[in-house]
Amino acid sequence: MTDIGVRALRQGVRRGAGRIGAATPPGRDRAVDALRAAAVLGVVLGHWLVTALVSDGRALRTASPLHHMPWLTPVSWMFQTLAVFFLVGGHVATRSHASARDRGIPYHQWLTARLSRLFKPVAAVLTLWTVAAVALLLSGTEYGTVRTLVKLALSPLWFLVVFAGLTAATPLLTRLNPLWPLAVVLHVDLVRFGLGGPSWLGWVNVAAAWAVPYTLGAAWTRGELERRRAGWVLLGAGAAATAALVAWAGYPASMVGVPGEGVSNLDPPTLAVVTFGLAQCGLALLLRERLRRAMRRPVAWAAVALVNLSAMTIFLWHQTALMAITATGLLVGRLPGLHTRPDDLGWVGARLLWLPVFALALAVCCAAFRSFERGGGGGRDRRSRVVRAHRPSGRGAAAKARHV
């Protein structure tokens, strides 16, 4: 590309970023969107880095570099960002509910609107993978391969079910102290691991564990986490508790599931992943002011706004993008970093080179399916909500939402 072309591209990007900035209400708390975008992209990159589909003859099976190279475990600390997503989700939902209540909108109408935005994109995923699974089975693909692919593609849906349940319980969780769900997780783990209780009891933690950051988001809305001291306490206490649980209580160091390991911190959630989430939430709270300053830059804010516009589509389709590239690559042969065992640094280097290709496939998915996230139809209801106004929270503040 010539210098003139580069300058024209830069000017076009700046003009587009300026339009997005001009459409954003001046009182919007852009740090909220920056944290949400970081949480979504963290999950996506984490899955792309630690999920391998190994070609074994005619079949594909899952593998993880964390199993073969345990020293890569800190990667799971960087990209397991679900706690931040639930923190932001709890903050936004409690503000939204307070605003709806102040405007006289009944609870059922508020909940229907929020859940419809959450679940409309799911229809496209379920439809495509139902058709794909049937087609693969009819074409003679091994059942184990089909099961592996479908399981990976639909694995993000568990998050939506939990998030929807917490959203429905927002009026009850608005003033719930986060120590209550934390106590539930603690006692469940004591019974499971300390007293030899049944393993199914761990599934109680699916709701209780993620209710901890969600109720922290509600505390943020109430203005209880505005002081930096709150962020430091969460970061320090959460990190210390996680280190103690890993070092002396036998919890895995990885914050994601590793195939072949006896215990997973995530499936179902354990006390260690909750304390780790507390540390993440503390760090997120400490970064708010820096993020607000960074988001004053038009290009940075435009990038964050675009991620938020397609956040649910990105989350639902990133595994499909990974599998589409993996399956297409099999037409050429077993490619390093894509179909080979993730057991050495060569695989890591090759996988990093594949990330832009996965991102391109995901961009195609977003272009094809983002209309489902926006409502799937024309008219006023399809207007973007990414520039909805959230004001920096104070004690008792309620968000005043409007479309731009």
# chains A, B, ... in the order shown; residues from 1 in each chain; ligands from 1
call {"tool": "residues_around", "arguments": {"residues": "range 282-295 of chain A", "least_positions_apart": "5", "cutoff": "6 Å", "atoms": "only C-alpha atoms", "output": "ChimeraX atom specification"}}
result
/A:30-31,231,234-235,300-301
call {"tool": "residues_around", "arguments": {"residues": "Leu362 in chain A", "least_positions_apart": "6", "cutoff": "8 Å", "atoms": "only C-alpha atoms", "output": "short mmCIF file (atom, residue, chain, number, x, y, z; two decimals) with N, CA, C and O atoms, in the first residue's frame"}}
result
data_model
loop_
_atom_site.label_atom_id
_atom_site.label_comp_id
_atom_site.auth_asym_id
_atom_site.auth_seq_id
_atom_site.Cartn_x
_atom_site.Cartn_y
_atom_site.Cartn_z
N ILE A 314 -19.61 -12.48 19.11
CA ILE A 314 -18.22 -12.90 19.27
C ILE A 314 -18.14 -14.08 20.23
O ILE A 314 -17.46 -15.08 19.97
N TRP A 317 -19.75 -17.41 18.71
CA TRP A 317 -19.24 -17.97 17.46
C TRP A 317 -17.73 -18.17 17.44
O TRP A 317 -17.20 -18.69 16.45
N HIS A 318 -17.02 -17.81 18.52
CA HIS A 318 -15.57 -17.91 18.42
C HIS A 318 -15.10 -19.36 18.35
O HIS A 318 -14.10 -19.66 17.68
N THR A 320 -16.82 -21.78 16.91
CA THR A 320 -17.14 -22.20 15.55
C THR A 320 -16.07 -21.73 14.58
O THR A 320 -15.69 -22.47 13.65
N ALA A 321 -15.57 -20.51 14.78
CA ALA A 321 -14.50 -20.00 13.91
C ALA A 321 -13.26 -20.88 14.03
O ALA A 321 -12.62 -21.22 13.03
#
call {"tool": "atom_distance", "arguments": {"atom1": "CA of Leu306 in chain A", "atom2": "CA of Ala83 in chain A"}}
result
21.7 Å
call {"tool": "residues_around", "arguments": {"residues": "Leu126 in chain A", "least_positions_apart": "4", "cutoff": "10 Å", "atoms": "only C-alpha atoms", "output": "list of chain:residue names"}}
result
A:Pro121, A:Val122, A:Thr130, A:Val131, A:Ala132, A:Val150, A:Ala153, A:Leu154, A:Leu157
call {"tool": "residues_around", "arguments": {"residues": "Val184 in chain A", "least_positions_apart": "2", "cutoff": "9 Å", "atoms": "only C-alpha atoms", "output": "list in words"}}
result
Leu179, Trp180, Pro181, Leu182, Leu186, His187, Val188, Asp189, Val204, Asn205, Ala208 and Ala209 of chain A
call {"tool": "closest_residue", "arguments": {"among": "A:Trp77, A:His68, A:Ala98, A:Ala113", "to": "Asn265 in chain A", "atoms": "only C-alpha atoms"}}
result
A:Trp77
call {"tool": "select_by_dssp", "arguments": {"residues": "range 55-293 of chain A", "states": "strand (DSSP E or B)", "output": "ChimeraX atom specification"}}
result
/A:55-56,59-63,266,269
call {"tool": "write_last_selection", "arguments": {"atoms": "N, CA, C and O atoms", "output": "short mmCIF file (atom, residue, chain, number, x, y, z; two decimals), in the first residue's frame"}}
result
data_model
loop_
_atom_site.label_atom_id
_atom_site.label_comp_id
_atom_site.auth_asym_id
_atom_site.auth_seq_id
_atom_site.Cartn_x
_atom_site.Cartn_y
_atom_site.Cartn_z
N SER A 55 -5.80 -34.16 15.29
CA SER A 55 -6.20 -35.15 14.30
C SER A 55 -5.57 -36.49 14.64
O SER A 55 -4.35 -36.63 14.72
N ASP A 56 -6.43 -37.49 14.85
CA ASP A 56 -5.97 -38.83 15.21
C ASP A 56 -6.60 -39.81 14.21
O ASP A 56 -7.64 -40.39 14.46
N ALA A 59 -10.42 -39.13 13.13
CA ALA A 59 -11.17 -38.49 14.20
C ALA A 59 -10.44 -37.25 14.72
O ALA A 59 -9.23 -37.11 14.57
N LEU A 60 -11.21 -36.37 15.34
CA LEU A 60 -10.66 -35.21 16.03
C LEU A 60 -10.97 -35.35 17.51
O LEU A 60 -12.09 -35.71 17.89
N ARG A 61 -10.00 -35.05 18.34
CA ARG A 61 -10.22 -35.07 19.78
C ARG A 61 -9.61 -33.81 20.39
O ARG A 61 -8.70 -33.20 19.82
N THR A 62 -10.12 -33.42 21.55
CA THR A 62 -9.62 -32.22 22.20
C THR A 62 -8.37 -32.53 23.00
O THR A 62 -8.21 -33.62 23.56
N ALA A 63 -7.49 -31.56 23.07
CA ALA A 63 -6.28 -31.64 23.89
C ALA A 63 -5.95 -30.23 24.35
O ALA A 63 -6.48 -29.25 23.82
N LEU A 266 -13.11 -25.01 37.08
CA LEU A 266 -14.18 -24.31 36.36
C LEU A 266 -15.39 -25.17 36.10
O LEU A 266 -16.47 -24.64 35.79
N PRO A 269 -17.42 -24.77 39.18
CA PRO A 269 -16.53 -23.80 39.82
C PRO A 269 -16.16 -24.22 41.24
O PRO A 269 -16.97 -24.80 41.97
#
call {"tool": "atom_distance", "arguments": {"atom1": "CA of Trp210 in chain A", "atom2": "CA of Val274 in chain A"}}
result
7.7 Å
call {"tool": "atom_distance", "arguments": {"atom1": "CA of Ala249 in chain A", "atom2": "CA of Pro70 in chain A"}}
result
18.6 Å
call {"tool": "closest_residue", "arguments": {"among": "A:Val88, A:Val50, A:Ala327, A:Ala363", "to": "His67 in chain A", "atoms": "only C-alpha atoms"}}
result
A:Val50
call {"tool": "select_by_dssp", "arguments": {"residues": "range 221-393 of chain A", "states": "helix (DSSP H, G or I)", "output": "PyMOL selection string"}}
result
chain A and resi 221+228-248+271-286+288-294+298-309+311-329+345-373+380-382
